[in-house]
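Enquirer: The structure under discussion is supplied below as structure tokens; questions concerning it will follow.
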Amino acid sequence: NAGVTQTPKFQVLKTGQSMTLQCAQDMNHNSMYWYRQDPGMGLRLIYYSASEGTTDKGEVPNGYNVSRLNKREFSLRLESAAPSQTSVYFCASSGPDRVYSNQPQHFGDGTRLSIL
Amino acid sequence: SQQGEEDPQALSIQEGENATMNCSYKTSINNLQWYRQNSGRGLVHLILIRSNEREKHSGRLRVTLDTSKKSSSLLITASRAADTASYFCATGPLGSGTYKYIFGTGTRLKVLA
């Protein structure tokens with residue numbers, strides 16, 4: 001009963017390096033999301049995928065790219081990491097119904113990313 | 001900008017007391033949800049209240065929604081040390097046509113044993 005699994009849990013990068021954060025869900029959900037959480041800012045939506053094959057920008061997409069690899073997996077890529085991207089990143093999913101936001105989201109435990 | 005703003009930012013109470021936290025939002029909504037986040041963990045969904053509902057209960061949780069004031073409150077009765085966490089409201093904006101949720105900045109609750 002894994003739910004939403006994120007890897008890695010912790011990562012330290014140097015400015016300019018790239019990396020991909022992985023997320024997988026086993027609940028047959030259609031929708032998946034990537035958020036970042038910064039102190040005093042709450043959660044901010046980076047990208048989301050309403051269904052397999054579609055992705056859309058959220059509130060803070062600059063510096064990130066995403067891939068909805070299949071229904072289960074949604075990855076977030078930092079092409080050239082910057083110190084401003086130091087944050088905790090959360091993946092979430094919701095579904096299975098194709099209804100707008102009237103469904104709870106299920107979250108992973110996050111990836112703590114530090115960029116030096 | 002944040003849609004939801006929780007109040008207070010932090011709350012400290014004794015075990016057994018009730019805890020009330022509030023959420024205000026700016027635009028019309030489809031629904032409002034409350035989540036709990038334990039330290040170092042992801043958010044866990046607690047309760048969803050739709051825009052046409054005024055009150056909802058789930059165990060020791062009671063949520064109210066006043067759409068005229070664009071506000072919601074979460075009441076935790078007979079609090080326990082295990083309720084120590086941050087609590088967030090999240091709104092599904094009306095007519096957004098998307099799956100976007102907007103989260104508030106959270107209330108940090110500490111329940112003292």
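Scheme for the structure tokens: letters A, B, ... for chains in order shown; per-chain residue numbers from 1; ligand numbers from 1 in order shown.
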Pick out the residues sitting within 7 Å of B:Ile13, and hand them over as a list in words; count only C-alpha atoms, and ignore anything fewer than 5 positions along from it in its own chain.
Expert: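 Here the answer would be Lys110, Val111 and Leu112 of chain B.
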Enquirer: Distance cut-off 12 Å, counting only C-alpha atoms - which residues of chain A neighbour chain B? Return them as a ChimeraX atom specification.
Expert: /A:3-6,9-10,30-51,54-60,88-95,97-112
Enquirer: Please report, as number ranges by chain, each residue of stretch 3-100 of chain B to which DSSP assigns strand (DSSP E) when run on this structure's backbone.
Expert: B: 5-7, 10-14, 19-24, 29-37, 43-50, 55-58, 61-66, 71-76, 85-93
Enquirer: Considering only C-alpha atoms, return as a list in words whatever protein or nucleic-acid residues lie within 12 Å of B:Ala113, sequence-local ones (same chain, fewer than 5 positions apart) excluded.
Expert: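 My list of contacting residues is Ser12, Ile13, Gln14, Glu15, Gly16, Glu17, Ser79, Arg80, Ala81, Ala82, Asp83 and Thr84 of chain B.
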Enquirer: Store the residues of this selection in a file with all heavy atoms, as a PDB file, in the first residue's frame.
Expert:
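The file below, out08.pdb, is the result:
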ATOM      1  N   SER B  12      -0.514  27.091  20.324  1.00  0.00           N
ATOM      2  CA  SER B  12      -0.031  26.147  21.323  1.00  0.00           C
ATOM      3  C   SER B  12      -1.112  25.956  22.375  1.00  0.00           C
ATOM      4  O   SER B  12      -1.588  26.939  22.959  1.00  0.00           O
ATOM      5  CB  SER B  12       1.259  26.671  21.963  1.00  0.00           C
ATOM      6  OG  SER B  12       1.800  25.728  22.844  1.00  0.00           O
ATOM      7  N   ILE B  13      -1.524  24.706  22.609  1.00  0.00           N
ATOM      8  CA  ILE B  13      -2.607  24.432  23.552  1.00  0.00           C
ATOM      9  C   ILE B  13      -2.251  23.218  24.399  1.00  0.00           C
ATOM     10  O   ILE B  13      -1.311  22.474  24.080  1.00  0.00           O
ATOM     11  CB  ILE B  13      -3.940  24.177  22.822  1.00  0.00           C
ATOM     12  CG1 ILE B  13      -3.821  22.961  21.891  1.00  0.00           C
ATOM     13  CG2 ILE B  13      -4.405  25.412  22.081  1.00  0.00           C
ATOM     14  CD1 ILE B  13      -5.120  22.552  21.254  1.00  0.00           C
ATOM     15  N   GLN B  14      -3.014  23.008  25.454  1.00  0.00           N
ATOM     16  CA  GLN B  14      -2.838  21.846  26.305  1.00  0.00           C
ATOM     17  C   GLN B  14      -3.660  20.683  25.769  1.00  0.00           C
ATOM     18  O   GLN B  14      -4.728  20.879  25.160  1.00  0.00           O
ATOM     19  CB  GLN B  14      -3.276  22.159  27.736  1.00  0.00           C
ATOM     20  CG  GLN B  14      -2.437  23.216  28.443  1.00  0.00           C
ATOM     21  CD  GLN B  14      -1.032  22.714  28.739  1.00  0.00           C
ATOM     22  OE1 GLN B  14      -0.829  21.538  29.011  1.00  0.00           O
ATOM     23  NE2 GLN B  14      -0.063  23.618  28.697  1.00  0.00           N
ATOM     24  N   GLU B  15      -3.176  19.483  26.007  1.00  0.00           N
ATOM     25  CA  GLU B  15      -3.909  18.289  25.612  1.00  0.00           C
ATOM     26  C   GLU B  15      -5.304  18.317  26.235  1.00  0.00           C
ATOM     27  O   GLU B  15      -5.459  18.695  27.397  1.00  0.00           O
ATOM     28  CB  GLU B  15      -3.157  17.041  26.096  1.00  0.00           C
ATOM     29  CG  GLU B  15      -3.448  15.792  25.301  1.00  0.00           C
ATOM     30  CD  GLU B  15      -2.444  14.686  25.601  1.00  0.00           C
ATOM     31  OE1 GLU B  15      -1.913  14.646  26.716  1.00  0.00           O
ATOM     32  OE2 GLU B  15      -2.204  13.860  24.702  1.00  0.00           O
ATOM     33  N   GLY B  16      -6.301  17.960  25.431  1.00  0.00           N
ATOM     34  CA  GLY B  16      -7.676  17.970  25.907  1.00  0.00           C
ATOM     35  C   GLY B  16      -8.431  19.221  25.519  1.00  0.00           C
ATOM     36  O   GLY B  16      -9.671  19.222  25.500  1.00  0.00           O
ATOM     37  N   GLU B  17      -7.715  20.296  25.235  1.00  0.00           N
ATOM     38  CA  GLU B  17      -8.370  21.532  24.809  1.00  0.00           C
ATOM     39  C   GLU B  17      -8.769  21.430  23.334  1.00  0.00           C
ATOM     40  O   GLU B  17      -8.310  20.566  22.597  1.00  0.00           O
ATOM     41  CB  GLU B  17      -7.447  22.729  25.019  1.00  0.00           C
ATOM     42  CG  GLU B  17      -7.152  23.024  26.482  1.00  0.00           C
ATOM     43  CD  GLU B  17      -6.241  24.227  26.647  1.00  0.00           C
ATOM     44  OE1 GLU B  17      -5.504  24.571  25.709  1.00  0.00           O
ATOM     45  OE2 GLU B  17      -6.275  24.828  27.736  1.00  0.00           O
ATOM     46  N   SER B  79      -8.060  17.800  21.866  1.00  0.00           N
ATOM     47  CA  SER B  79      -6.803  17.579  21.159  1.00  0.00           C
ATOM     48  C   SER B  79      -5.874  16.627  21.910  1.00  0.00           C
ATOM     49  O   SER B  79      -5.922  16.511  23.134  1.00  0.00           O
ATOM     50  CB  SER B  79      -6.112  18.917  20.920  1.00  0.00           C
ATOM     51  OG  SER B  79      -5.789  19.514  22.152  1.00  0.00           O
ATOM     52  N   ARG B  80      -5.014  16.003  21.113  1.00  0.00           N
ATOM     53  CA  ARG B  80      -4.037  15.043  21.628  1.00  0.00           C
ATOM     54  C   ARG B  80      -2.645  15.463  21.183  1.00  0.00           C
ATOM     55  O   ARG B  80      -2.505  16.189  20.193  1.00  0.00           O
ATOM     56  CB  ARG B  80      -4.339  13.644  21.092  1.00  0.00           C
ATOM     57  CG  ARG B  80      -5.758  13.186  21.337  1.00  0.00           C
ATOM     58  CD  ARG B  80      -6.084  11.980  20.488  1.00  0.00           C
ATOM     59  NE  ARG B  80      -7.463  11.505  20.697  1.00  0.00           N
ATOM     60  CZ  ARG B  80      -8.079  10.635  19.928  1.00  0.00           C
ATOM     61  NH1 ARG B  80      -7.440  10.101  18.883  1.00  0.00           N
ATOM     62  NH2 ARG B  80      -9.331  10.274  20.176  1.00  0.00           N
ATOM     63  N   ALA B  81      -1.645  14.971  21.852  1.00  0.00           N
ATOM     64  CA  ALA B  81      -0.267  15.293  21.467  1.00  0.00           C
ATOM     65  C   ALA B  81      -0.014  14.903  20.008  1.00  0.00           C
ATOM     66  O   ALA B  81       0.729  15.578  19.294  1.00  0.00           O
ATOM     67  CB  ALA B  81       0.714  14.595  22.392  1.00  0.00           C
ATOM     68  N   ALA B  82      -0.657  13.835  19.562  1.00  0.00           N
ATOM     69  CA  ALA B  82      -0.474  13.367  18.188  1.00  0.00           C
ATOM     70  C   ALA B  82      -1.059  14.325  17.159  1.00  0.00           C
ATOM     71  O   ALA B  82      -0.787  14.184  15.952  1.00  0.00           O
ATOM     72  CB  ALA B  82      -1.108  11.983  18.018  1.00  0.00           C
ATOM     73  N   ASP B  83      -1.861  15.292  17.586  1.00  0.00           N
ATOM     74  CA  ASP B  83      -2.407  16.291  16.661  1.00  0.00           C
ATOM     75  C   ASP B  83      -1.395  17.379  16.338  1.00  0.00           C
ATOM     76  O   ASP B  83      -1.642  18.232  15.484  1.00  0.00           O
ATOM     77  CB  ASP B  83      -3.669  16.945  17.253  1.00  0.00           C
ATOM     78  CG  ASP B  83      -4.810  15.964  17.412  1.00  0.00           C
ATOM     79  OD1 ASP B  83      -4.930  15.035  16.576  1.00  0.00           O
ATOM     80  OD2 ASP B  83      -5.585  16.110  18.386  1.00  0.00           O
ATOM     81  N   THR B  84      -0.267  17.380  17.028  1.00  0.00           N
ATOM     82  CA  THR B  84       0.794  18.347  16.746  1.00  0.00           C
ATOM     83  C   THR B  84       1.240  18.207  15.301  1.00  0.00           C
ATOM     84  O   THR B  84       1.712  17.147  14.888  1.00  0.00           O
ATOM     85  CB  THR B  84       1.985  18.139  17.690  1.00  0.00           C
ATOM     86  OG1 THR B  84       1.576  18.437  19.031  1.00  0.00           O
ATOM     87  CG2 THR B  84       3.158  19.019  17.295  1.00  0.00           C
TER      88      THR B  84
END
Enquirer: Go through stretch 60-107 of chain A residue by residue and, counting only C-alpha atoms, keep those with an atom at most 6 Å from stretch 22-29 of chain A; for each kept residue give the shortest atom pair and its distance in Å to one decimal, ordered by chain and increasing number, as JSON lines.
Expert:
{"residue": "A:Arg72", "atom": "CA", "partner": "A:Gln25", "partner_atom": "CA", "distance": 5.2}
{"residue": "A:Glu73", "atom": "CA", "partner": "A:Ala24", "partner_atom": "CA", "distance": 4.4}
{"residue": "A:Phe74", "atom": "CA", "partner": "A:Cys23", "partner_atom": "CA", "distance": 5.4}
{"residue": "A:Ser75", "atom": "CA", "partner": "A:Gln22", "partner_atom": "CA", "distance": 4.7}
{"residue": "A:Ser94", "atom": "CA", "partner": "A:His29", "partner_atom": "CA", "distance": 5.4}
{"residue": "A:Gly95", "atom": "CA", "partner": "A:His29", "partner_atom": "CA", "distance": 4.4}
{"residue": "A:Pro96", "atom": "CA", "partner": "A:His29", "partner_atom": "CA", "distance": 4.5}
Enquirer: Mind dumping the selected residues with all heavy atoms as a PDB file, in the first residue's frame?
Expert:
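Result written to selection_21.pdb:
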ATOM      1  N   ARG A  72       1.351   6.031 -14.127  1.00  0.00           N
ATOM      2  CA  ARG A  72       1.899   5.916 -12.775  1.00  0.00           C
ATOM      3  C   ARG A  72       2.964   6.956 -12.450  1.00  0.00           C
ATOM      4  O   ARG A  72       3.095   7.350 -11.294  1.00  0.00           O
ATOM      5  CB  ARG A  72       2.534   4.538 -12.587  1.00  0.00           C
ATOM      6  CG  ARG A  72       1.580   3.379 -12.552  1.00  0.00           C
ATOM      7  CD  ARG A  72       2.347   2.107 -12.190  1.00  0.00           C
ATOM      8  NE  ARG A  72       2.910   2.169 -10.849  1.00  0.00           N
ATOM      9  CZ  ARG A  72       4.217   2.245 -10.580  1.00  0.00           C
ATOM     10  NH1 ARG A  72       5.099   2.304 -11.564  1.00  0.00           N
ATOM     11  NH2 ARG A  72       4.648   2.267  -9.332  1.00  0.00           N
ATOM     12  N   GLU A  73       3.743   7.388 -13.446  1.00  0.00           N
ATOM     13  CA  GLU A  73       4.965   8.132 -13.156  1.00  0.00           C
ATOM     14  C   GLU A  73       4.958   9.563 -13.713  1.00  0.00           C
ATOM     15  O   GLU A  73       4.548   9.798 -14.857  1.00  0.00           O
ATOM     16  CB  GLU A  73       6.158   7.378 -13.732  1.00  0.00           C
ATOM     17  CG  GLU A  73       6.346   5.995 -13.133  1.00  0.00           C
ATOM     18  CD  GLU A  73       7.418   5.208 -13.857  1.00  0.00           C
ATOM     19  OE1 GLU A  73       7.162   4.740 -14.992  1.00  0.00           O
ATOM     20  OE2 GLU A  73       8.522   5.077 -13.286  1.00  0.00           O
ATOM     21  N   PHE A  74       5.458  10.468 -12.884  1.00  0.00           N
ATOM     22  CA  PHE A  74       5.507  11.891 -13.253  1.00  0.00           C
ATOM     23  C   PHE A  74       6.813  12.430 -12.698  1.00  0.00           C
ATOM     24  O   PHE A  74       7.000  12.508 -11.486  1.00  0.00           O
ATOM     25  CB  PHE A  74       4.293  12.597 -12.641  1.00  0.00           C
ATOM     26  CG  PHE A  74       4.083  14.018 -13.084  1.00  0.00           C
ATOM     27  CD1 PHE A  74       4.313  14.409 -14.388  1.00  0.00           C
ATOM     28  CD2 PHE A  74       3.598  14.966 -12.184  1.00  0.00           C
ATOM     29  CE1 PHE A  74       4.081  15.709 -14.796  1.00  0.00           C
ATOM     30  CE2 PHE A  74       3.360  16.275 -12.588  1.00  0.00           C
ATOM     31  CZ  PHE A  74       3.601  16.646 -13.887  1.00  0.00           C
ATOM     32  N   SER A  75       7.734  12.806 -13.575  1.00  0.00           N
ATOM     33  CA  SER A  75       9.054  13.243 -13.123  1.00  0.00           C
ATOM     34  C   SER A  75       9.223  14.746 -13.300  1.00  0.00           C
ATOM     35  O   SER A  75       8.602  15.372 -14.167  1.00  0.00           O
ATOM     36  CB  SER A  75      10.150  12.498 -13.889  1.00  0.00           C
ATOM     37  OG  SER A  75      10.079  12.804 -15.268  1.00  0.00           O
ATOM     38  N   SER A  94      -4.251  12.661  -7.647  1.00  0.00           N
ATOM     39  CA  SER A  94      -5.676  12.647  -7.303  1.00  0.00           C
ATOM     40  C   SER A  94      -6.433  11.901  -8.394  1.00  0.00           C
ATOM     41  O   SER A  94      -5.999  11.816  -9.537  1.00  0.00           O
ATOM     42  CB  SER A  94      -6.226  14.064  -7.129  1.00  0.00           C
ATOM     43  OG  SER A  94      -6.214  14.762  -8.363  1.00  0.00           O
ATOM     44  N   GLY A  95      -7.597  11.375  -8.011  1.00  0.00           N
ATOM     45  CA  GLY A  95      -8.402  10.652  -8.987  1.00  0.00           C
ATOM     46  C   GLY A  95      -9.163   9.550  -8.306  1.00  0.00           C
ATOM     47  O   GLY A  95      -9.300   9.559  -7.085  1.00  0.00           O
ATOM     48  N   PRO A  96      -9.686   8.594  -9.035  1.00  0.00           N
ATOM     49  CA  PRO A  96      -9.463   8.366 -10.453  1.00  0.00           C
ATOM     50  C   PRO A  96     -10.423   9.111 -11.377  1.00  0.00           C
ATOM     51  O   PRO A  96     -10.244   9.108 -12.577  1.00  0.00           O
ATOM     52  CB  PRO A  96      -9.707   6.860 -10.572  1.00  0.00           C
ATOM     53  CG  PRO A  96     -10.738   6.583  -9.536  1.00  0.00           C
ATOM     54  CD  PRO A  96     -10.451   7.515  -8.391  1.00  0.00           C
TER      55      PRO A  96
END
Enquirer: Could you give me, as a list in words, the residues within 7 Å of A:Ser114, counting only C-alpha atoms and dropping anything in the same chain fewer than 5 positions from it?
Expert: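 Listed by chain and then number, they are Gln11, Val12, Leu13, Thr86 and Ser87 of chain A.
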Enquirer: For the selection just defined, write its residues with N, CA and C atoms to a file, as an mmCIF file, in the first residue's frame.
Expert:
data_model
loop_
_atom_site.group_PDB
_atom_site.id
_atom_site.type_symbol
_atom_site.label_atom_id
_atom_site.label_comp_id
_atom_site.auth_asym_id
_atom_site.auth_seq_id
_atom_site.Cartn_x
_atom_site.Cartn_y
_atom_site.Cartn_z
ATOM 1 N N GLN A 11 18.869 15.397 -1.554
ATOM 2 C CA GLN A 11 19.851 15.582 -2.604
ATOM 3 C C GLN A 11 20.520 16.926 -2.423
ATOM 4 N N VAL A 12 21.827 16.934 -2.616
ATOM 5 C CA VAL A 12 22.582 18.183 -2.629
ATOM 6 C C VAL A 12 23.204 18.326 -4.011
ATOM 7 N N LEU A 13 23.005 19.474 -4.614
ATOM 8 C CA LEU A 13 23.537 19.744 -5.946
ATOM 9 C C LEU A 13 24.389 20.999 -5.918
ATOM 10 N N THR A 86 16.463 25.714 -4.064
ATOM 11 C CA THR A 86 16.545 24.982 -2.809
ATOM 12 C C THR A 86 15.172 24.974 -2.150
ATOM 13 N N SER A 87 14.654 23.786 -1.893
ATOM 14 C CA SER A 87 13.289 23.689 -1.401
ATOM 15 C C SER A 87 12.990 22.229 -1.066
#
